[in-house]
Amino acid sequence: MLSAPGIRVLVVDDHPVVRDGVITQLTRHPDIRVVGHAGDGAEAVRSTARLRPDVVLLDLRLPDGLAVDVVPRLRAIAPAARILLFTAFPEHAAVGPSLAAGACGLVVKDASGTTLRDALREVARTGSYRTAPPAAAAPVTAREYDVLRLVASGHTNAEIATELTLSPNTVKTYLQNVMQKLGARNRAQVITNARAHGLL
């Protein structure tokens with residue numbers, strides 16, 4: 001059940017111009033109420049715990065991490081809140097894992113104010129927002145991305161295998177695929193190149 005009056009929304013984006021523009025757009029709709037905003041994942045978690053929004057509009061890429069890392073924390077402290085991803089990169093490899101982690105849908109940043117309004121209404125009402133498939137394929141697959149994230153966190157292949165319930169050989173294969181796709185020769189270079197591609 002939604003809080004009264006209207007849909008309570010927390011806007012999470014690290015760019016003040018984007019954040020302020022979204023808030024301005026949303027204030028035009030009497031059934032939507034922006035209850036707060038945040039500029040990074042940690043602040044989003046604190047604000048969600050304090051404000052209990054109905055919907056968290058969550059930027060995919062934040063200064064302290066990606067949405068895939070923030071979504072589980074939001075779900076843990078506010079299970080009833082809907083999480084709607086907000087990004088200029090719908091083809092980003094983090095989209096699939098973020099949805100799998102509990103995000104309810106995705107809306108692109110160049111969407112019209114009407115589209116954003118409708119997305120918030122739908123996700124608040126139904127718990128999901130169906131979006132079209134991204135126009136371009138991600139440079140790595142969702143599973144390769146899982147391996148890449150754990151490599152970037154300093155995990156060994158054996159630790160990654162345990163974390164993802166894979167064999168060490170499978171992890172090695174995924175990592176080799178990522179290195180080939182990103183033109184990297186070793187683990188350090190694959191992390192550097194992944195950051196250059198906006199994947200980390």
# chains A, B, ... in the order shown; residues from 1 in each chain; ligands from 1

call {"tool": "residues_around", "arguments": {"residues": "Val147 of chain A", "least_positions_apart": "2", "cutoff": "10 Å", "atoms": "only C-alpha atoms", "output": "list in words"}}
result
Thr141, Ala142, Arg143, Glu144, Tyr145, Arg149, Leu150, Val151, Ala152, Ser153, His155, Asn157, Ile160, Ala161, Glu163, Leu164, Val171, Lys172, Tyr174, Leu175 and Val178 of chain A

call {"tool": "write_last_selection", "arguments": {"atoms": "N, CA and C atoms", "output": "tab-separated table (two decimals), in the first residue's frame"}}
result
chain	number	residue	atom	x	y	z
A	141	THR	N	29.13	-10.14	-20.88
A	141	THR	CA	27.87	-10.73	-20.45
A	141	THR	C	27.66	-10.49	-18.97
A	142	ALA	N	26.45	-10.76	-18.49
A	142	ALA	CA	26.15	-10.54	-17.07
A	142	ALA	C	27.04	-11.39	-16.18
A	143	ARG	N	27.30	-12.65	-16.56
A	143	ARG	CA	28.13	-13.53	-15.73
A	143	ARG	C	29.60	-13.09	-15.78
A	144	GLU	N	30.06	-12.68	-16.95
A	144	GLU	CA	31.41	-12.15	-17.06
A	144	GLU	C	31.56	-10.90	-16.20
A	145	TYR	N	30.49	-10.12	-16.15
A	145	TYR	CA	30.51	-8.91	-15.34
A	145	TYR	C	30.60	-9.25	-13.85
A	149	ARG	N	33.62	-7.84	-11.50
A	149	ARG	CA	33.41	-7.08	-10.26
A	149	ARG	C	34.19	-7.69	-9.11
A	150	LEU	N	34.18	-9.01	-9.01
A	150	LEU	CA	34.87	-9.67	-7.92
A	150	LEU	C	36.38	-9.60	-8.09
A	151	VAL	N	36.86	-9.66	-9.33
A	151	VAL	CA	38.28	-9.46	-9.59
A	151	VAL	C	38.70	-8.05	-9.13
A	152	ALA	N	37.87	-7.07	-9.47
A	152	ALA	CA	38.17	-5.69	-9.09
A	152	ALA	C	38.15	-5.50	-7.58
A	153	SER	N	37.42	-6.37	-6.88
A	153	SER	CA	37.35	-6.30	-5.41
A	153	SER	C	38.51	-7.04	-4.75
A	155	HIS	N	39.33	-10.39	-5.23
A	155	HIS	CA	39.11	-11.82	-4.99
A	155	HIS	C	39.98	-12.66	-5.91
A	157	ASN	N	40.64	-16.34	-8.04
A	157	ASN	CA	39.75	-17.18	-8.84
A	157	ASN	C	39.02	-18.19	-7.97
A	160	ILE	N	36.26	-16.44	-6.13
A	160	ILE	CA	35.18	-16.11	-7.06
A	160	ILE	C	34.36	-17.35	-7.37
A	161	ALA	N	35.04	-18.47	-7.55
A	161	ALA	CA	34.34	-19.73	-7.83
A	161	ALA	C	33.39	-20.09	-6.70
A	163	GLU	N	32.10	-17.94	-4.46
A	163	GLU	CA	31.07	-16.91	-4.37
A	163	GLU	C	29.97	-17.11	-5.40
A	164	LEU	N	30.36	-17.50	-6.63
A	164	LEU	CA	29.39	-17.61	-7.73
A	164	LEU	C	28.94	-19.04	-8.00
A	171	VAL	N	35.58	-19.98	-13.99
A	171	VAL	CA	35.94	-18.61	-13.64
A	171	VAL	C	37.10	-18.14	-14.51
A	172	LYS	N	38.10	-19.01	-14.68
A	172	LYS	CA	39.26	-18.66	-15.50
A	172	LYS	C	38.84	-18.35	-16.94
A	174	TYR	N	35.81	-17.32	-17.97
A	174	TYR	CA	35.10	-16.04	-17.98
A	174	TYR	C	36.09	-14.87	-17.94
A	175	LEU	N	37.08	-14.99	-17.08
A	175	LEU	CA	38.05	-13.91	-16.93
A	175	LEU	C	38.87	-13.73	-18.22
A	178	VAL	N	36.75	-11.84	-20.67
A	178	VAL	CA	36.68	-10.41	-20.34
A	178	VAL	C	37.98	-9.71	-20.75

call {"tool": "residues_around", "arguments": {"residues": "segment 76-87 of chain A", "least_positions_apart": "4", "cutoff": "8 Å", "atoms": "only C-alpha atoms", "output": "JSON list (two decimals) with N, CA, C and O atoms, in the first residue's frame"}}
result
[["chain", "number", "residue", "atom", "x", "y", "z"],
["A", 45, "VAL", "N", 21.14, 4.78, 1.03],
["A", 45, "VAL", "CA", 20.75, 3.80, 2.04],
["A", 45, "VAL", "C", 20.27, 4.50, 3.31],
["A", 45, "VAL", "O", 19.23, 4.15, 3.89],
["A", 48, "THR", "N", 16.90, 6.20, 2.63],
["A", 48, "THR", "CA", 15.82, 5.21, 2.51],
["A", 48, "THR", "C", 15.39, 4.72, 3.88],
["A", 48, "THR", "O", 14.20, 4.57, 4.15],
["A", 49, "ALA", "N", 16.36, 4.46, 4.74],
["A", 49, "ALA", "CA", 16.04, 4.01, 6.09],
["A", 49, "ALA", "C", 15.25, 5.06, 6.87],
["A", 49, "ALA", "O", 14.34, 4.74, 7.63],
["A", 52, "ARG", "N", 11.72, 6.19, 4.21],
["A", 52, "ARG", "CA", 10.81, 5.12, 3.79],
["A", 52, "ARG", "C", 10.03, 5.48, 2.52],
["A", 52, "ARG", "O", 8.79, 5.51, 2.52],
["A", 53, "PRO", "N", 10.73, 5.75, 1.43],
["A", 53, "PRO", "CA", 10.02, 6.09, 0.18],
["A", 53, "PRO", "C", 9.30, 4.88, -0.40],
["A", 53, "PRO", "O", 9.65, 3.73, -0.10],
["A", 54, "ASP", "N", 8.32, 5.15, -1.23],
["A", 54, "ASP", "CA", 7.64, 4.08, -1.97],
["A", 54, "ASP", "C", 8.49, 3.62, -3.15],
["A", 54, "ASP", "O", 8.51, 2.45, -3.50],
["A", 55, "VAL", "N", 9.19, 4.58, -3.77],
["A", 55, "VAL", "CA", 10.05, 4.29, -4.93],
["A", 55, "VAL", "C", 11.38, 5.00, -4.76],
["A", 55, "VAL", "O", 11.42, 6.17, -4.39],
["A", 56, "VAL", "N", 12.47, 4.26, -5.04],
["A", 56, "VAL", "CA", 13.80, 4.86, -5.09],
["A", 56, "VAL", "C", 14.21, 4.91, -6.56],
["A", 56, "VAL", "O", 14.32, 3.87, -7.22],
["A", 57, "LEU", "N", 14.38, 6.12, -7.09],
["A", 57, "LEU", "CA", 14.87, 6.31, -8.45],
["A", 57, "LEU", "C", 16.39, 6.34, -8.36],
["A", 57, "LEU", "O", 16.97, 7.32, -7.90],
["A", 58, "LEU", "N", 17.04, 5.25, -8.77],
["A", 58, "LEU", "CA", 18.45, 5.01, -8.45],
["A", 58, "LEU", "C", 19.34, 5.07, -9.69],
["A", 58, "LEU", "O", 19.20, 4.24, -10.60],
["A", 59, "ASP", "N", 20.25, 6.02, -9.70],
["A", 59, "ASP", "CA", 21.24, 6.11, -10.78],
["A", 59, "ASP", "C", 22.05, 4.82, -10.82],
["A", 59, "ASP", "O", 22.43, 4.28, -9.77],
["A", 60, "LEU", "N", 22.33, 4.34, -12.02],
["A", 60, "LEU", "CA", 23.07, 3.09, -12.17],
["A", 60, "LEU", "C", 24.52, 3.22, -11.71],
["A", 60, "LEU", "O", 25.07, 2.30, -11.11],
["A", 61, "ARG", "N", 25.12, 4.38, -11.98],
["A", 61, "ARG", "CA", 26.53, 4.60, -11.65],
["A", 61, "ARG", "C", 26.64, 5.74, -10.66],
["A", 61, "ARG", "O", 26.24, 6.87, -10.95],
["A", 67, "ALA", "N", 24.83, 0.47, -8.97],
["A", 67, "ALA", "CA", 23.53, 0.11, -8.41],
["A", 67, "ALA", "C", 23.47, -1.34, -7.96],
["A", 67, "ALA", "O", 22.80, -1.66, -6.98],
["A", 71, "VAL", "N", 21.50, -1.92, -4.51],
["A", 71, "VAL", "CA", 20.16, -2.52, -4.50],
["A", 71, "VAL", "C", 19.95, -3.50, -3.35],
["A", 71, "VAL", "O", 18.94, -3.39, -2.63],
["A", 72, "PRO", "N", 20.86, -4.46, -3.12],
["A", 72, "PRO", "CA", 20.62, -5.39, -2.00],
["A", 72, "PRO", "C", 20.54, -4.69, -0.64],
["A", 72, "PRO", "O", 19.78, -5.11, 0.23],
["A", 102, "GLY", "N", 17.23, -7.19, -7.47],
["A", 102, "GLY", "CA", 15.98, -6.72, -6.88],
["A", 102, "GLY", "C", 15.45, -5.41, -7.41],
["A", 102, "GLY", "O", 14.40, -4.95, -6.96],
["A", 103, "ALA", "N", 16.15, -4.78, -8.36],
["A", 103, "ALA", "CA", 15.59, -3.58, -8.98],
["A", 103, "ALA", "C", 14.37, -3.98, -9.81],
["A", 103, "ALA", "O", 14.29, -5.10, -10.34],
["A", 104, "CYS", "N", 13.41, -3.08, -9.92],
["A", 104, "CYS", "CA", 12.11, -3.42, -10.52],
["A", 104, "CYS", "C", 11.97, -3.01, -11.98],
["A", 104, "CYS", "O", 10.97, -3.33, -12.62],
["A", 105, "GLY", "N", 12.95, -2.29, -12.52],
["A", 105, "GLY", "CA", 12.86, -1.84, -13.90],
["A", 105, "GLY", "C", 13.88, -0.77, -14.16],
["A", 105, "GLY", "O", 14.72, -0.45, -13.29],
["A", 106, "LEU", "N", 13.84, -0.20, -15.34],
["A", 106, "LEU", "CA", 14.82, 0.79, -15.75],
["A", 106, "LEU", "C", 14.17, 1.85, -16.62],
["A", 106, "LEU", "O", 13.33, 1.54, -17.46],
["A", 107, "VAL", "N", 14.57, 3.10, -16.40],
["A", 107, "VAL", "CA", 14.14, 4.20, -17.26],
["A", 107, "VAL", "C", 15.38, 4.99, -17.66],
["A", 107, "VAL", "O", 16.29, 5.18, -16.84],
["A", 108, "VAL", "N", 15.47, 5.37, -18.93],
["A", 108, "VAL", "CA", 16.67, 6.07, -19.41],
["A", 108, "VAL", "C", 16.57, 7.56, -19.11],
["A", 108, "VAL", "O", 15.48, 8.13, -19.01],
["A", 109, "LYS", "N", 17.72, 8.19, -18.97],
["A", 109, "LYS", "CA", 17.76, 9.59, -18.55],
["A", 109, "LYS", "C", 17.25, 10.55, -19.61],
["A", 109, "LYS", "O", 16.90, 11.68, -19.29],
["A", 120, "LEU", "N", 7.23, 5.70, -12.86],
["A", 120, "LEU", "CA", 7.10, 5.72, -11.41],
["A", 120, "LEU", "C", 5.72, 5.23, -10.97],
["A", 120, "LEU", "O", 5.60, 4.48, -10.00],
["A", 123, "VAL", "N", 5.65, 1.30, -11.58],
["A", 123, "VAL", "CA", 6.45, 0.51, -10.66],
["A", 123, "VAL", "C", 5.87, 0.57, -9.25],
["A", 123, "VAL", "O", 5.93, -0.41, -8.49],
["A", 124, "ALA", "N", 5.27, 1.71, -8.88],
["A", 124, "ALA", "CA", 4.63, 1.82, -7.56],
["A", 124, "ALA", "C", 3.38, 0.95, -7.49],
["A", 124, "ALA", "O", 3.10, 0.34, -6.46],
["A", 127, "GLY", "N", 4.88, -3.06, -9.05],
["A", 127, "GLY", "CA", 6.13, -3.65, -8.59],
["A", 127, "GLY", "C", 7.12, -3.91, -9.69],
["A", 127, "GLY", "O", 8.20, -4.46, -9.44],
["A", 128, "SER", "N", 6.80, -3.51, -10.92],
["A", 128, "SER", "CA", 7.75, -3.68, -12.01],
["A", 128, "SER", "C", 7.48, -2.65, -13.09],
["A", 128, "SER", "O", 6.38, -2.11, -13.19],
["A", 129, "TYR", "N", 8.52, -2.40, -13.88],
["A", 129, "TYR", "CA", 8.37, -1.51, -15.02],
["A", 129, "TYR", "C", 9.08, -2.17, -16.18],
["A", 129, "TYR", "O", 10.30, -2.37, -16.16]]

call {"tool": "atom_distance", "arguments": {"atom1": "atom CA of Gly36 of chain A", "atom2": "atom CA of Pro16 of chain A"}}
result
13.1 Å

call {"tool": "closest_residue", "arguments": {"among": "A:Ala111, A:Val12, A:Leu116, A:Ala101", "to": "Arg28 of chain A", "atoms": "only C-alpha atoms"}}
result
A:Leu116

call {"tool": "residues_around", "arguments": {"residues": "Val18 of chain A", "least_positions_apart": "3", "cutoff": "12 Å", "atoms": "only C-alpha atoms", "output": "PDB file with N, CA and C atoms, in the first residue's frame"}}
result
ATOM      1  N   VAL A  11      15.050  10.470  -4.946  1.00  0.00           N
ATOM      2  CA  VAL A  11      15.828  10.617  -6.176  1.00  0.00           C
ATOM      3  C   VAL A  11      17.316  10.495  -5.838  1.00  0.00           C
ATOM      4  N   VAL A  12      17.988   9.519  -6.467  1.00  0.00           N
ATOM      5  CA  VAL A  12      19.405   9.271  -6.192  1.00  0.00           C
ATOM      6  C   VAL A  12      20.206   9.469  -7.474  1.00  0.00           C
ATOM      7  N   ASP A  13      21.010  10.532  -7.514  1.00  0.00           N
ATOM      8  CA  ASP A  13      21.859  10.821  -8.661  1.00  0.00           C
ATOM      9  C   ASP A  13      22.969  11.749  -8.195  1.00  0.00           C
ATOM     10  N   ASP A  14      24.187  11.526  -8.671  1.00  0.00           N
ATOM     11  CA  ASP A  14      25.308  12.324  -8.186  1.00  0.00           C
ATOM     12  C   ASP A  14      25.477  13.640  -8.939  1.00  0.00           C
ATOM     13  N   HIS A  15      24.742  13.830 -10.033  1.00  0.00           N
ATOM     14  CA  HIS A  15      24.845  15.082 -10.783  1.00  0.00           C
ATOM     15  C   HIS A  15      23.724  16.033 -10.353  1.00  0.00           C
ATOM     16  N   GLY A  21      16.747  18.642 -12.045  1.00  0.00           N
ATOM     17  CA  GLY A  21      15.810  18.605 -13.180  1.00  0.00           C
ATOM     18  C   GLY A  21      14.736  17.561 -12.988  1.00  0.00           C
ATOM     19  N   VAL A  22      15.123  16.392 -12.484  1.00  0.00           N
ATOM     20  CA  VAL A  22      14.147  15.334 -12.223  1.00  0.00           C
ATOM     21  C   VAL A  22      13.157  15.778 -11.156  1.00  0.00           C
ATOM     22  N   ILE A  23      13.672  16.370 -10.092  1.00  0.00           N
ATOM     23  CA  ILE A  23      12.793  16.814  -9.011  1.00  0.00           C
ATOM     24  C   ILE A  23      11.800  17.854  -9.523  1.00  0.00           C
ATOM     25  N   THR A  24      12.289  18.772 -10.353  1.00  0.00           N
ATOM     26  CA  THR A  24      11.405  19.789 -10.924  1.00  0.00           C
ATOM     27  C   THR A  24      10.314  19.151 -11.770  1.00  0.00           C
ATOM     28  N   GLN A  25      10.699  18.171 -12.579  1.00  0.00           N
ATOM     29  CA  GLN A  25       9.714  17.470 -13.411  1.00  0.00           C
ATOM     30  C   GLN A  25       8.651  16.795 -12.545  1.00  0.00           C
ATOM     31  N   HIS A  37      16.495  13.421  -1.578  1.00  0.00           N
ATOM     32  CA  HIS A  37      17.424  13.095  -2.649  1.00  0.00           C
ATOM     33  C   HIS A  37      18.757  12.699  -2.040  1.00  0.00           C
ATOM     34  N   ALA A  38      19.573  12.014  -2.843  1.00  0.00           N
ATOM     35  CA  ALA A  38      20.883  11.555  -2.382  1.00  0.00           C
ATOM     36  C   ALA A  38      21.853  11.598  -3.550  1.00  0.00           C
ATOM     37  N   GLY A  39      23.149  11.732  -3.224  1.00  0.00           N
ATOM     38  CA  GLY A  39      24.155  11.841  -4.263  1.00  0.00           C
ATOM     39  C   GLY A  39      25.054  10.642  -4.410  1.00  0.00           C
ATOM     40  N   ASP A  59      20.251   6.023  -9.698  1.00  0.00           N
ATOM     41  CA  ASP A  59      21.237   6.115 -10.779  1.00  0.00           C
ATOM     42  C   ASP A  59      22.051   4.821 -10.822  1.00  0.00           C
ATOM     43  N   PHE A  86      17.946   4.237 -13.071  1.00  0.00           N
ATOM     44  CA  PHE A  86      17.916   5.478 -13.839  1.00  0.00           C
ATOM     45  C   PHE A  86      19.286   5.650 -14.469  1.00  0.00           C
ATOM     46  N   THR A  87      19.382   5.590 -15.802  1.00  0.00           N
ATOM     47  CA  THR A  87      20.694   5.593 -16.423  1.00  0.00           C
ATOM     48  C   THR A  87      20.672   6.137 -17.840  1.00  0.00           C
ATOM     49  N   ALA A  88      21.820   6.651 -18.258  1.00  0.00           N
ATOM     50  CA  ALA A  88      22.014   7.049 -19.649  1.00  0.00           C
ATOM     51  C   ALA A  88      22.605   5.895 -20.457  1.00  0.00           C
ATOM     52  N   LYS A 109      17.722   8.189 -18.970  1.00  0.00           N
ATOM     53  CA  LYS A 109      17.758   9.593 -18.551  1.00  0.00           C
ATOM     54  C   LYS A 109      17.247  10.549 -19.614  1.00  0.00           C
ATOM     55  N   ASP A 110      17.231  10.119 -20.871  1.00  0.00           N
ATOM     56  CA  ASP A 110      16.705  11.017 -21.902  1.00  0.00           C
ATOM     57  C   ASP A 110      15.214  10.814 -22.146  1.00  0.00           C
TER      58      ASP A 110
END

call {"tool": "atom_distance", "arguments": {"atom1": "atom CA of Ser47 of chain A", "atom2": "atom CA of Pro97 of chain A"}}
result
23.1 Å

call {"tool": "select_by_dssp", "arguments": {"residues": "segment 34-116 of chain A", "states": "strand (DSSP E or B)", "output": "ChimeraX atom specification"}}
result
/A:34-38,55-59,61-62,65-66,82-87,105-108

call {"tool": "write_last_selection", "arguments": {"atoms": "N, CA and C atoms", "output": "JSON list (two decimals), in the first residue's frame"}}
result
[["chain", "number", "residue", "atom", "x", "y", "z"],
["A", 34, "VAL", "N", 8.31, 14.05, -4.05],
["A", 34, "VAL", "CA", 9.73, 13.81, -3.80],
["A", 34, "VAL", "C", 9.99, 14.08, -2.32],
["A", 35, "VAL", "N", 10.38, 13.03, -1.60],
["A", 35, "VAL", "CA", 10.58, 13.18, -0.15],
["A", 35, "VAL", "C", 12.04, 13.41, 0.21],
["A", 36, "GLY", "N", 12.93, 13.25, -0.79],
["A", 36, "GLY", "CA", 14.34, 13.47, -0.51],
["A", 36, "GLY", "C", 15.19, 13.15, -1.71],
["A", 37, "HIS", "N", 16.49, 13.42, -1.58],
["A", 37, "HIS", "CA", 17.42, 13.10, -2.65],
["A", 37, "HIS", "C", 18.76, 12.70, -2.04],
["A", 38, "ALA", "N", 19.57, 12.01, -2.84],
["A", 38, "ALA", "CA", 20.88, 11.56, -2.38],
["A", 38, "ALA", "C", 21.85, 11.60, -3.55],
["A", 55, "VAL", "N", 9.19, 4.58, -3.77],
["A", 55, "VAL", "CA", 10.05, 4.29, -4.93],
["A", 55, "VAL", "C", 11.38, 5.00, -4.76],
["A", 56, "VAL", "N", 12.47, 4.26, -5.04],
["A", 56, "VAL", "CA", 13.80, 4.86, -5.09],
["A", 56, "VAL", "C", 14.21, 4.91, -6.56],
["A", 57, "LEU", "N", 14.38, 6.12, -7.09],
["A", 57, "LEU", "CA", 14.87, 6.31, -8.45],
["A", 57, "LEU", "C", 16.39, 6.34, -8.36],
["A", 58, "LEU", "N", 17.04, 5.25, -8.77],
["A", 58, "LEU", "CA", 18.45, 5.01, -8.45],
["A", 58, "LEU", "C", 19.34, 5.07, -9.69],
["A", 59, "ASP", "N", 20.25, 6.02, -9.70],
["A", 59, "ASP", "CA", 21.24, 6.11, -10.78],
["A", 59, "ASP", "C", 22.05, 4.82, -10.82],
["A", 61, "ARG", "N", 25.12, 4.38, -11.98],
["A", 61, "ARG", "CA", 26.53, 4.60, -11.65],
["A", 61, "ARG", "C", 26.64, 5.74, -10.66],
["A", 62, "LEU", "N", 27.20, 5.44, -9.49],
["A", 62, "LEU", "CA", 27.32, 6.42, -8.41],
["A", 62, "LEU", "C", 28.79, 6.54, -8.00],
["A", 65, "GLY", "N", 30.05, 3.47, -6.06],
["A", 65, "GLY", "CA", 29.74, 2.13, -6.53],
["A", 65, "GLY", "C", 28.63, 2.13, -7.56],
["A", 66, "LEU", "N", 28.27, 0.93, -7.96],
["A", 66, "LEU", "CA", 27.21, 0.75, -8.95],
["A", 66, "LEU", "C", 25.92, 0.31, -8.27],
["A", 82, "ARG", "N", 10.08, 0.10, -3.97],
["A", 82, "ARG", "CA", 10.38, -0.26, -5.35],
["A", 82, "ARG", "C", 11.63, 0.49, -5.78],
["A", 83, "ILE", "N", 12.50, -0.18, -6.50],
["A", 83, "ILE", "CA", 13.75, 0.44, -6.96],
["A", 83, "ILE", "C", 13.72, 0.51, -8.48],
["A", 84, "LEU", "N", 13.78, 1.72, -9.00],
["A", 84, "LEU", "CA", 13.74, 1.94, -10.44],
["A", 84, "LEU", "C", 15.10, 2.49, -10.87],
["A", 85, "LEU", "N", 15.81, 1.73, -11.71],
["A", 85, "LEU", "CA", 17.11, 2.17, -12.19],
["A", 85, "LEU", "C", 16.96, 3.37, -13.12],
["A", 86, "PHE", "N", 17.95, 4.24, -13.07],
["A", 86, "PHE", "CA", 17.92, 5.48, -13.84],
["A", 86, "PHE", "C", 19.29, 5.65, -14.47],
["A", 87, "THR", "N", 19.38, 5.59, -15.80],
["A", 87, "THR", "CA", 20.69, 5.59, -16.42],
["A", 87, "THR", "C", 20.67, 6.14, -17.84],
["A", 105, "GLY", "N", 12.95, -2.29, -12.52],
["A", 105, "GLY", "CA", 12.86, -1.84, -13.90],
["A", 105, "GLY", "C", 13.88, -0.77, -14.16],
["A", 106, "LEU", "N", 13.84, -0.20, -15.34],
["A", 106, "LEU", "CA", 14.82, 0.79, -15.75],
["A", 106, "LEU", "C", 14.17, 1.85, -16.62],
["A", 107, "VAL", "N", 14.57, 3.10, -16.40],
["A", 107, "VAL", "CA", 14.14, 4.20, -17.26],
["A", 107, "VAL", "C", 15.38, 4.99, -17.66],
["A", 108, "VAL", "N", 15.47, 5.37, -18.93],
["A", 108, "VAL", "CA", 16.67, 6.07, -19.41],
["A", 108, "VAL", "C", 16.57, 7.56, -19.11]]

call {"tool": "closest_residue", "arguments": {"among": "A:Leu166, A:Ala42, A:Ala119, A:Leu148", "to": "Leu199 of chain A", "atoms": "only C-alpha atoms"}}
result
A:Leu148

call {"tool": "closest_residue", "arguments": {"among": "A:His29, A:Arg19, A:Arg73, A:Arg130", "to": "Thr114 of chain A", "atoms": "only C-alpha atoms"}}
result
A:His29

call {"tool": "residues_around", "arguments": {"residues": "Asn193 of chain A", "least_positions_apart": "6", "cutoff": "9 Å", "atoms": "only C-alpha atoms", "output": "PyMOL selection string"}}
result
chain A and resi 179+182-184+199

call {"tool": "write_last_selection", "arguments": {"atoms": "N, CA and C atoms", "output": "CSV table (one decimal), in the first residue's frame"}}
result
chain,number,residue,atom,x,y,z
A,179,MET,N,39.1,-10.3,-20.4
A,179,MET,CA,40.4,-9.8,-20.8
A,179,MET,C,40.5,-9.6,-22.3
A,182,LEU,N,38.3,-6.7,-23.5
A,182,LEU,CA,38.7,-5.4,-23.0
A,182,LEU,C,40.2,-5.1,-23.4
A,183,GLY,N,40.8,-6.0,-24.1
A,183,GLY,CA,42.2,-5.8,-24.6
A,183,GLY,C,43.2,-5.7,-23.5
A,184,ALA,N,43.0,-6.6,-22.5
A,184,ALA,CA,43.9,-6.6,-21.3
A,184,ALA,C,44.7,-7.8,-21.3
A,199,LEU,N,32.7,0.4,-16.8
A,199,LEU,CA,32.1,-0.8,-16.3
A,199,LEU,C,32.3,-0.9,-14.7

call {"tool": "atom_distance", "arguments": {"atom1": "atom CA of Thr162 of chain A", "atom2": "atom CA of Val95 of chain A"}}
result
23.1 Å

call {"tool": "closest_residue", "arguments": {"among": "A:Pro139, A:Asp69, A:Asp146, A:Ala44", "to": "Gln180 of chain A", "atoms": "only C-alpha atoms"}}
result
A:Pro139

call {"tool": "residues_around", "arguments": {"residues": "Arg117 of chain A", "least_positions_apart": "4", "cutoff": "9 Å", "atoms": "only C-alpha atoms", "output": "list in words"}}
result
Gln25, Leu26, His29, Ile32, Ser112, Gly113, Arg121 and Glu122 of chain A
